[in-house]
file query-v7.cif (mmCIF, N, CA and C atoms)
data_start
loop_
_atom_site.label_atom_id
_atom_site.label_comp_id
_atom_site.auth_asym_id
_atom_site.auth_seq_id
_atom_site.Cartn_x
_atom_site.Cartn_y
_atom_site.Cartn_z
N MET E 1 18.69 -20.12 -50.46
CA MET E 1 17.26 -19.99 -50.26
C MET E 1 16.96 -20.16 -48.77
N ARG E 2 16.11 -19.32 -48.29
CA ARG E 2 15.73 -19.29 -46.89
C ARG E 2 14.64 -20.32 -46.64
N THR E 3 14.66 -20.93 -45.41
CA THR E 3 13.61 -21.88 -45.06
C THR E 3 12.39 -21.11 -44.59
N ALA E 4 11.24 -21.70 -44.69
CA ALA E 4 10.01 -21.07 -44.20
C ALA E 4 9.94 -21.29 -42.70
N PHE E 5 9.92 -20.20 -41.96
CA PHE E 5 9.92 -20.30 -40.50
C PHE E 5 8.64 -20.92 -39.97
N GLY E 6 7.56 -20.83 -40.74
CA GLY E 6 6.28 -21.36 -40.28
C GLY E 6 6.10 -22.85 -40.52
N ASP E 7 7.04 -23.50 -41.21
CA ASP E 7 6.89 -24.93 -41.50
C ASP E 7 7.04 -25.77 -40.23
N GLY E 8 6.11 -26.68 -40.00
CA GLY E 8 6.21 -27.66 -38.92
C GLY E 8 6.14 -27.09 -37.52
N LEU E 9 5.50 -25.96 -37.35
CA LEU E 9 5.44 -25.35 -36.01
C LEU E 9 4.73 -26.23 -34.99
N VAL E 10 3.71 -26.97 -35.42
CA VAL E 10 2.94 -27.77 -34.47
C VAL E 10 3.75 -28.95 -33.94
N THR E 11 4.82 -29.30 -34.58
CA THR E 11 5.63 -30.43 -34.12
C THR E 11 6.75 -30.00 -33.18
N LEU E 12 6.94 -28.70 -33.00
CA LEU E 12 8.04 -28.19 -32.17
C LEU E 12 7.65 -28.17 -30.70
N ASP E 13 8.61 -28.47 -29.84
CA ASP E 13 8.36 -28.32 -28.41
C ASP E 13 8.65 -26.86 -28.03
N ALA E 14 8.52 -26.53 -26.75
CA ALA E 14 8.67 -25.14 -26.30
C ALA E 14 10.06 -24.59 -26.60
N ARG E 15 11.09 -25.37 -26.34
CA ARG E 15 12.46 -24.90 -26.57
C ARG E 15 12.69 -24.64 -28.05
N GLU E 16 12.24 -25.57 -28.88
CA GLU E 16 12.43 -25.42 -30.32
C GLU E 16 11.60 -24.25 -30.87
N THR E 17 10.42 -24.02 -30.30
CA THR E 17 9.58 -22.89 -30.73
C THR E 17 10.25 -21.57 -30.40
N ARG E 18 10.79 -21.47 -29.17
CA ARG E 18 11.50 -20.22 -28.80
C ARG E 18 12.70 -19.99 -29.71
N ALA E 19 13.44 -21.05 -30.03
CA ALA E 19 14.60 -20.93 -30.92
C ALA E 19 14.16 -20.49 -32.31
N ARG E 20 13.05 -21.05 -32.81
CA ARG E 20 12.56 -20.67 -34.14
C ARG E 20 12.11 -19.22 -34.16
N LEU E 21 11.45 -18.78 -33.10
CA LEU E 21 11.02 -17.39 -33.00
C LEU E 21 12.23 -16.46 -33.00
N ALA E 22 13.24 -16.78 -32.22
CA ALA E 22 14.45 -15.95 -32.17
C ALA E 22 15.11 -15.89 -33.54
N GLU E 23 15.14 -17.01 -34.22
CA GLU E 23 15.74 -17.08 -35.56
C GLU E 23 14.94 -16.22 -36.55
N ALA E 24 13.63 -16.29 -36.50
CA ALA E 24 12.78 -15.51 -37.40
C ALA E 24 12.90 -14.02 -37.11
N MET E 25 12.95 -13.63 -35.84
CA MET E 25 13.11 -12.21 -35.48
C MET E 25 14.45 -11.68 -35.95
N ALA E 26 15.50 -12.48 -35.76
CA ALA E 26 16.84 -12.06 -36.21
C ALA E 26 16.86 -11.91 -37.72
N ALA E 27 16.22 -12.82 -38.44
CA ALA E 27 16.19 -12.74 -39.90
C ALA E 27 15.43 -11.51 -40.37
N ALA E 28 14.31 -11.19 -39.69
CA ALA E 28 13.53 -10.01 -40.08
C ALA E 28 14.32 -8.73 -39.84
N LYS E 29 15.00 -8.65 -38.70
CA LYS E 29 15.77 -7.44 -38.38
C LYS E 29 17.02 -7.31 -39.24
N ALA E 30 17.57 -8.44 -39.68
CA ALA E 30 18.80 -8.41 -40.50
C ALA E 30 18.49 -8.25 -41.99
N HIS E 31 17.26 -8.37 -42.37
CA HIS E 31 16.89 -8.25 -43.79
C HIS E 31 17.22 -6.85 -44.27
N PRO E 32 17.78 -6.72 -45.48
CA PRO E 32 18.15 -5.39 -46.00
C PRO E 32 16.95 -4.44 -46.08
N ALA E 33 15.77 -4.95 -46.31
CA ALA E 33 14.59 -4.09 -46.44
C ALA E 33 14.10 -3.60 -45.08
N PHE E 34 14.62 -4.13 -43.96
CA PHE E 34 14.17 -3.70 -42.64
C PHE E 34 14.56 -2.25 -42.38
N ALA E 35 15.77 -1.86 -42.74
CA ALA E 35 16.27 -0.51 -42.45
C ALA E 35 15.77 0.52 -43.45
N ALA E 36 15.66 0.16 -44.69
CA ALA E 36 15.26 1.14 -45.70
C ALA E 36 14.60 0.41 -46.86
N GLY E 37 13.80 1.15 -47.60
CA GLY E 37 13.17 0.58 -48.79
C GLY E 37 11.67 0.63 -48.68
N PRO E 38 10.99 0.28 -49.77
CA PRO E 38 9.53 0.38 -49.79
C PRO E 38 8.84 -0.59 -48.84
N ARG E 39 9.51 -1.66 -48.44
CA ARG E 39 8.88 -2.65 -47.55
C ARG E 39 9.40 -2.55 -46.11
N SER E 40 10.21 -1.57 -45.82
CA SER E 40 10.77 -1.46 -44.46
C SER E 40 9.67 -1.24 -43.43
N LYS E 41 8.68 -0.42 -43.75
CA LYS E 41 7.60 -0.14 -42.80
C LYS E 41 6.84 -1.41 -42.44
N SER E 42 6.55 -2.26 -43.42
CA SER E 42 5.80 -3.48 -43.11
C SER E 42 6.64 -4.45 -42.27
N LEU E 43 7.94 -4.55 -42.55
CA LEU E 43 8.81 -5.40 -41.73
C LEU E 43 8.93 -4.85 -40.31
N GLN E 44 9.13 -3.54 -40.19
CA GLN E 44 9.24 -2.92 -38.87
C GLN E 44 7.94 -3.06 -38.08
N ASP E 45 6.81 -2.89 -38.78
CA ASP E 45 5.51 -3.06 -38.12
C ASP E 45 5.32 -4.49 -37.63
N ALA E 46 5.73 -5.46 -38.44
CA ALA E 46 5.59 -6.87 -38.06
C ALA E 46 6.45 -7.19 -36.84
N VAL E 47 7.69 -6.71 -36.85
CA VAL E 47 8.58 -6.94 -35.70
C VAL E 47 8.02 -6.26 -34.45
N GLY E 48 7.53 -5.03 -34.61
CA GLY E 48 6.94 -4.31 -33.47
C GLY E 48 5.72 -5.03 -32.92
N ALA E 49 4.86 -5.53 -33.81
CA ALA E 49 3.66 -6.26 -33.36
C ALA E 49 4.04 -7.53 -32.61
N VAL E 50 5.04 -8.24 -33.11
CA VAL E 50 5.49 -9.46 -32.44
C VAL E 50 6.07 -9.12 -31.06
N GLU E 51 6.88 -8.07 -30.98
CA GLU E 51 7.47 -7.69 -29.70
C GLU E 51 6.40 -7.25 -28.71
N ARG E 52 5.38 -6.49 -29.16
CA ARG E 52 4.28 -6.09 -28.27
C ARG E 52 3.49 -7.31 -27.82
N GLY E 53 3.22 -8.23 -28.75
CA GLY E 53 2.50 -9.44 -28.40
C GLY E 53 3.25 -10.28 -27.37
N LEU E 54 4.56 -10.38 -27.56
CA LEU E 54 5.38 -11.12 -26.59
C LEU E 54 5.37 -10.45 -25.22
N MET E 55 5.41 -9.11 -25.22
CA MET E 55 5.38 -8.37 -23.96
C MET E 55 4.06 -8.62 -23.23
N MET E 56 2.95 -8.51 -23.95
CA MET E 56 1.64 -8.73 -23.33
C MET E 56 1.48 -10.17 -22.86
N ALA E 57 1.90 -11.13 -23.68
CA ALA E 57 1.80 -12.54 -23.29
C ALA E 57 2.69 -12.82 -22.08
N SER E 58 3.86 -12.20 -22.04
CA SER E 58 4.76 -12.40 -20.90
C SER E 58 4.16 -11.84 -19.62
N ARG E 59 3.57 -10.66 -19.72
CA ARG E 59 2.94 -10.06 -18.53
C ARG E 59 1.78 -10.91 -18.04
N GLU E 60 0.96 -11.39 -18.96
CA GLU E 60 -0.16 -12.25 -18.59
C GLU E 60 0.33 -13.55 -17.95
N ALA E 61 1.40 -14.13 -18.52
CA ALA E 61 1.95 -15.37 -17.98
C ALA E 61 2.54 -15.14 -16.59
N ILE E 62 3.23 -14.03 -16.40
CA ILE E 62 3.80 -13.71 -15.09
C ILE E 62 2.68 -13.55 -14.06
N HIS E 63 1.61 -12.86 -14.45
CA HIS E 63 0.48 -12.68 -13.54
C HIS E 63 -0.14 -14.04 -13.18
N ALA E 64 -0.33 -14.89 -14.16
CA ALA E 64 -0.92 -16.22 -13.90
C ALA E 64 -0.03 -17.02 -12.96
N LEU E 65 1.27 -16.97 -13.15
CA LEU E 65 2.19 -17.69 -12.28
C LEU E 65 2.19 -17.10 -10.87
N ASP E 66 2.10 -15.77 -10.78
CA ASP E 66 2.07 -15.12 -9.48
C ASP E 66 0.83 -15.54 -8.70
N VAL E 67 -0.32 -15.57 -9.37
CA VAL E 67 -1.56 -16.01 -8.71
C VAL E 67 -1.45 -17.47 -8.27
N ALA E 68 -0.88 -18.31 -9.14
CA ALA E 68 -0.73 -19.73 -8.80
C ALA E 68 0.21 -19.92 -7.62
N LEU E 69 1.29 -19.15 -7.58
CA LEU E 69 2.23 -19.26 -6.45
C LEU E 69 1.58 -18.80 -5.15
N ALA E 70 0.81 -17.72 -5.21
CA ALA E 70 0.13 -17.23 -4.01
C ALA E 70 -0.88 -18.27 -3.53
N GLU E 71 -1.58 -18.90 -4.45
CA GLU E 71 -2.54 -19.95 -4.09
C GLU E 71 -1.82 -21.16 -3.49
N ALA E 72 -0.66 -21.49 -4.03
CA ALA E 72 0.10 -22.64 -3.52
C ALA E 72 0.63 -22.38 -2.11
N ASP E 73 0.86 -21.11 -1.77
CA ASP E 73 1.38 -20.77 -0.44
C ASP E 73 0.28 -20.70 0.62
N ARG E 74 -0.98 -20.67 0.21
CA ARG E 74 -2.07 -20.61 1.19
C ARG E 74 -2.15 -21.93 1.95
N PRO E 75 -2.46 -21.85 3.23
CA PRO E 75 -2.62 -23.10 3.99
C PRO E 75 -3.83 -23.87 3.46
N PRO E 76 -3.81 -25.18 3.63
CA PRO E 76 -4.94 -25.97 3.13
C PRO E 76 -6.23 -25.59 3.85
N THR E 77 -7.33 -25.67 3.13
CA THR E 77 -8.62 -25.34 3.73
C THR E 77 -9.25 -26.58 4.33
N ALA E 78 -10.12 -26.37 5.30
CA ALA E 78 -10.80 -27.48 5.96
C ALA E 78 -11.78 -28.13 4.98
N THR E 79 -11.96 -29.43 5.13
CA THR E 79 -12.84 -30.14 4.21
C THR E 79 -14.22 -30.37 4.80
N THR E 80 -14.36 -30.35 6.11
CA THR E 80 -15.68 -30.56 6.72
C THR E 80 -16.05 -29.33 7.53
N THR E 81 -17.32 -29.25 7.88
CA THR E 81 -17.79 -28.13 8.69
C THR E 81 -17.12 -28.13 10.06
N ALA E 82 -16.95 -29.31 10.64
CA ALA E 82 -16.30 -29.40 11.96
C ALA E 82 -14.86 -28.92 11.89
N GLU E 83 -14.16 -29.30 10.83
CA GLU E 83 -12.76 -28.83 10.68
C GLU E 83 -12.72 -27.33 10.47
N ALA E 84 -13.65 -26.80 9.67
CA ALA E 84 -13.71 -25.35 9.44
C ALA E 84 -13.97 -24.61 10.75
N HIS E 85 -14.90 -25.13 11.55
CA HIS E 85 -15.20 -24.51 12.84
C HIS E 85 -13.98 -24.55 13.76
N ALA E 86 -13.31 -25.68 13.81
CA ALA E 86 -12.10 -25.80 14.64
C ALA E 86 -11.02 -24.82 14.18
N GLN E 87 -10.89 -24.64 12.88
CA GLN E 87 -9.89 -23.70 12.34
C GLN E 87 -10.23 -22.27 12.74
N ILE E 88 -11.50 -21.91 12.67
CA ILE E 88 -11.92 -20.56 13.05
C ILE E 88 -11.65 -20.32 14.53
N VAL E 89 -11.99 -21.28 15.37
CA VAL E 89 -11.75 -21.15 16.81
C VAL E 89 -10.25 -21.02 17.09
N GLU E 90 -9.46 -21.82 16.40
CA GLU E 90 -8.00 -21.75 16.58
C GLU E 90 -7.47 -20.38 16.17
N ASP E 91 -7.97 -19.85 15.06
CA ASP E 91 -7.54 -18.52 14.61
C ASP E 91 -7.95 -17.45 15.59
N LEU E 92 -9.15 -17.57 16.16
CA LEU E 92 -9.60 -16.59 17.14
C LEU E 92 -8.76 -16.64 18.40
N ASP E 93 -8.35 -17.84 18.81
CA ASP E 93 -7.53 -17.99 20.01
C ASP E 93 -6.15 -17.36 19.82
N ARG E 94 -5.72 -17.25 18.56
CA ARG E 94 -4.40 -16.67 18.30
C ARG E 94 -4.42 -15.15 18.29
N ASP E 95 -5.60 -14.54 18.28
CA ASP E 95 -5.68 -13.08 18.27
C ASP E 95 -5.10 -12.53 19.57
N PRO E 96 -4.38 -11.42 19.50
CA PRO E 96 -3.84 -10.83 20.72
C PRO E 96 -4.97 -10.28 21.59
N PRO E 97 -4.74 -10.18 22.89
CA PRO E 97 -5.79 -9.62 23.75
C PRO E 97 -6.04 -8.16 23.37
N PRO E 98 -7.24 -7.67 23.65
CA PRO E 98 -7.52 -6.27 23.30
C PRO E 98 -6.64 -5.32 24.10
N ALA E 99 -6.37 -4.19 23.53
CA ALA E 99 -5.55 -3.19 24.21
C ALA E 99 -6.30 -2.68 25.44
N PRO E 100 -5.57 -2.35 26.52
CA PRO E 100 -6.26 -1.85 27.71
C PRO E 100 -6.96 -0.53 27.40
N SER E 101 -8.10 -0.34 28.05
CA SER E 101 -8.85 0.89 27.80
C SER E 101 -8.27 2.00 28.68
N ARG E 102 -8.44 3.21 28.26
CA ARG E 102 -7.92 4.37 28.99
C ARG E 102 -8.89 4.68 30.11
N SER E 103 -8.36 4.81 31.31
CA SER E 103 -9.22 5.20 32.43
C SER E 103 -8.92 6.65 32.76
N GLY E 104 -9.90 7.32 33.26
CA GLY E 104 -9.73 8.72 33.60
C GLY E 104 -10.82 9.55 32.96
N PRO E 105 -10.70 10.86 33.11
CA PRO E 105 -11.75 11.72 32.55
C PRO E 105 -11.75 11.61 31.02
N PRO E 106 -12.90 11.88 30.43
CA PRO E 106 -12.96 11.80 28.97
C PRO E 106 -12.06 12.86 28.33
N LEU E 107 -11.60 12.56 27.17
CA LEU E 107 -10.76 13.51 26.45
C LEU E 107 -11.60 14.66 25.94
N PRO E 108 -11.01 15.85 25.87
CA PRO E 108 -11.78 16.98 25.35
C PRO E 108 -12.07 16.77 23.86
N PRO E 109 -13.15 17.36 23.38
CA PRO E 109 -13.46 17.19 21.96
C PRO E 109 -12.38 17.82 21.10
N LEU E 110 -12.24 17.26 19.90
CA LEU E 110 -11.26 17.79 18.97
C LEU E 110 -11.78 19.07 18.34
N GLY E 111 -10.89 19.87 17.84
CA GLY E 111 -11.28 21.12 17.18
C GLY E 111 -11.17 22.28 18.14
N ARG E 112 -11.63 23.43 17.67
CA ARG E 112 -11.58 24.63 18.49
C ARG E 112 -12.63 24.58 19.57
N GLY E 113 -12.21 24.87 20.76
CA GLY E 113 -13.16 24.90 21.86
C GLY E 113 -14.06 26.12 21.77
N ARG E 114 -15.21 26.02 22.34
CA ARG E 114 -16.13 27.15 22.32
C ARG E 114 -15.78 28.08 23.47
N VAL E 115 -15.87 29.35 23.20
CA VAL E 115 -15.62 30.35 24.24
C VAL E 115 -16.97 30.74 24.83
N LEU E 116 -17.08 30.57 26.14
CA LEU E 116 -18.33 30.94 26.81
C LEU E 116 -18.20 32.38 27.30
N VAL E 117 -19.11 33.20 26.85
CA VAL E 117 -19.13 34.60 27.26
C VAL E 117 -20.25 34.75 28.28
N PRO E 118 -19.92 35.25 29.47
CA PRO E 118 -20.98 35.41 30.48
C PRO E 118 -21.96 36.50 30.03
N PRO E 119 -23.19 36.39 30.49
CA PRO E 119 -24.17 37.42 30.12
C PRO E 119 -23.77 38.77 30.73
N PRO E 120 -24.21 39.85 30.16
CA PRO E 120 -23.83 41.17 30.72
C PRO E 120 -24.38 41.34 32.14
N ARG E 121 -23.59 42.03 32.95
CA ARG E 121 -24.02 42.29 34.32
C ARG E 121 -25.00 43.45 34.32
N PRO E 122 -25.97 43.37 35.17
CA PRO E 122 -26.88 44.53 35.25
C PRO E 122 -26.13 45.73 35.85
N ARG E 123 -26.35 46.87 35.27
CA ARG E 123 -25.69 48.08 35.78
C ARG E 123 -26.57 48.69 36.88
N PRO E 124 -25.90 49.13 37.90
CA PRO E 124 -26.71 49.79 38.95
C PRO E 124 -27.26 51.12 38.42
N GLN E 125 -28.46 51.39 38.75
CA GLN E 125 -29.06 52.63 38.26
C GLN E 125 -28.84 53.72 39.31
N HIS E 126 -28.24 54.81 38.89
CA HIS E 126 -28.00 55.96 39.76
C HIS E 126 -29.01 57.04 39.41
N PRO E 127 -29.45 57.73 40.42
CA PRO E 127 -30.36 58.85 40.09
C PRO E 127 -29.57 59.90 39.30
N ARG E 128 -30.26 60.47 38.35
CA ARG E 128 -29.60 61.48 37.51
C ARG E 128 -29.50 62.79 38.28
N GLN E 129 -28.43 63.38 38.03
CA GLN E 129 -28.24 64.68 38.66
C GLN E 129 -28.72 65.74 37.69
N SER E 130 -29.50 66.66 38.18
CA SER E 130 -29.99 67.71 37.32
C SER E 130 -29.41 69.02 37.69
#
call {"tool": "encode", "arguments": {"input": "query-v7.cif", "output": "structure tokens"}}
result
Amino acid sequence: MRTAFGDGLVTLDARETRARLAEAMAAAKAHPAFAAGPRSKSLQDAVGAVERGLMMASREAIHALDVALAEADRPPTATTTAEAHAQIVEDLDRDPPPAPSRSGPPLPPLGRGRVLVPPPRPRPQHPRQS
């Protein structure tokens, strides 16, 4: 007779809970009805739902840990206004000097340049020969 995997779950620590879950998943996958039979679909669906739930919970846990680690790596924040002001001034002093400006004639505008066409020259008028 098989033990009920759900018995006493609230008394288990994390290691024991993971072991119980692994044991229950192995039992479900090894059950003869998992591969074939009228109940195979329900067993396969249950295993699939558990695996999807574990995947989603794992991703959420990884994200939470990543955020916590990033927060832990941040430098401590100032506690008073004077400390905050001193920190801002210190950060500004660490900025590199501005890049030198370009001296010389202005750069031509980007794009195609306009072609200037001179106005037509007046033609000299010659008397007509008749």
call {"tool": "atom_distance", "arguments": {"input": "query-v7.cif", "atom1": "atom N of E:Ala82", "atom2": "atom N of E:Pro96"}}
result
23.6 Å
call {"tool": "axis_aligned_box", "arguments": {"input": "query-v7.cif", "around": "stretch 41-54 of chain E", "padding_each_side": "6 Å", "output": "JSON"}}
result
{"center_x": 5.9, "center_y": -5.6, "center_z": -34.5, "size_x": 18.7, "size_y": 23.0, "size_z": 30.5}
call {"tool": "select_by_dssp", "arguments": {"input": "query-v7.cif", "residues": "stretch 76-122 of chain E", "states": "alpha helix (DSSP H)", "output": "PyMOL selection string"}}
result
chain E and resi 81-93
call {"tool": "atom_distance", "arguments": {"input": "query-v7.cif", "atom1": "atom CA of E:Val67", "atom2": "atom N of E:Gly53"}}
result
22.0 Å
call {"tool": "atom_distance", "arguments": {"input": "query-v7.cif", "atom1": "atom N of E:Asp93", "atom2": "atom CA of E:Leu69"}}
result
27.4 Å
call {"tool": "closest_atom_pairs", "arguments": {"input": "query-v7.cif", "of": "stretch 28-127 of chain E", "to": "stretch 1-18 of chain E", "cutoff": "12 Å", "atoms": "only C-alpha atoms", "output": "CSV"}}
result
residue,atom,partner,partner_atom,distance
E:Ala28,CA,E:Phe5,CA,10.9
E:His31,CA,E:Arg2,CA,11.5
E:Leu54,CA,E:Arg18,CA,11.2
call {"tool": "resolve_selection", "arguments": {"input": "query-v7.cif", "expression": "the PyMOL selection byres (((chain E and resi 25 and name CA) around 12) and name CA)", "output": "PyMOL selection string"}}
result
chain E and resi 5+18-24+26-31+34+43-44+46-51+54
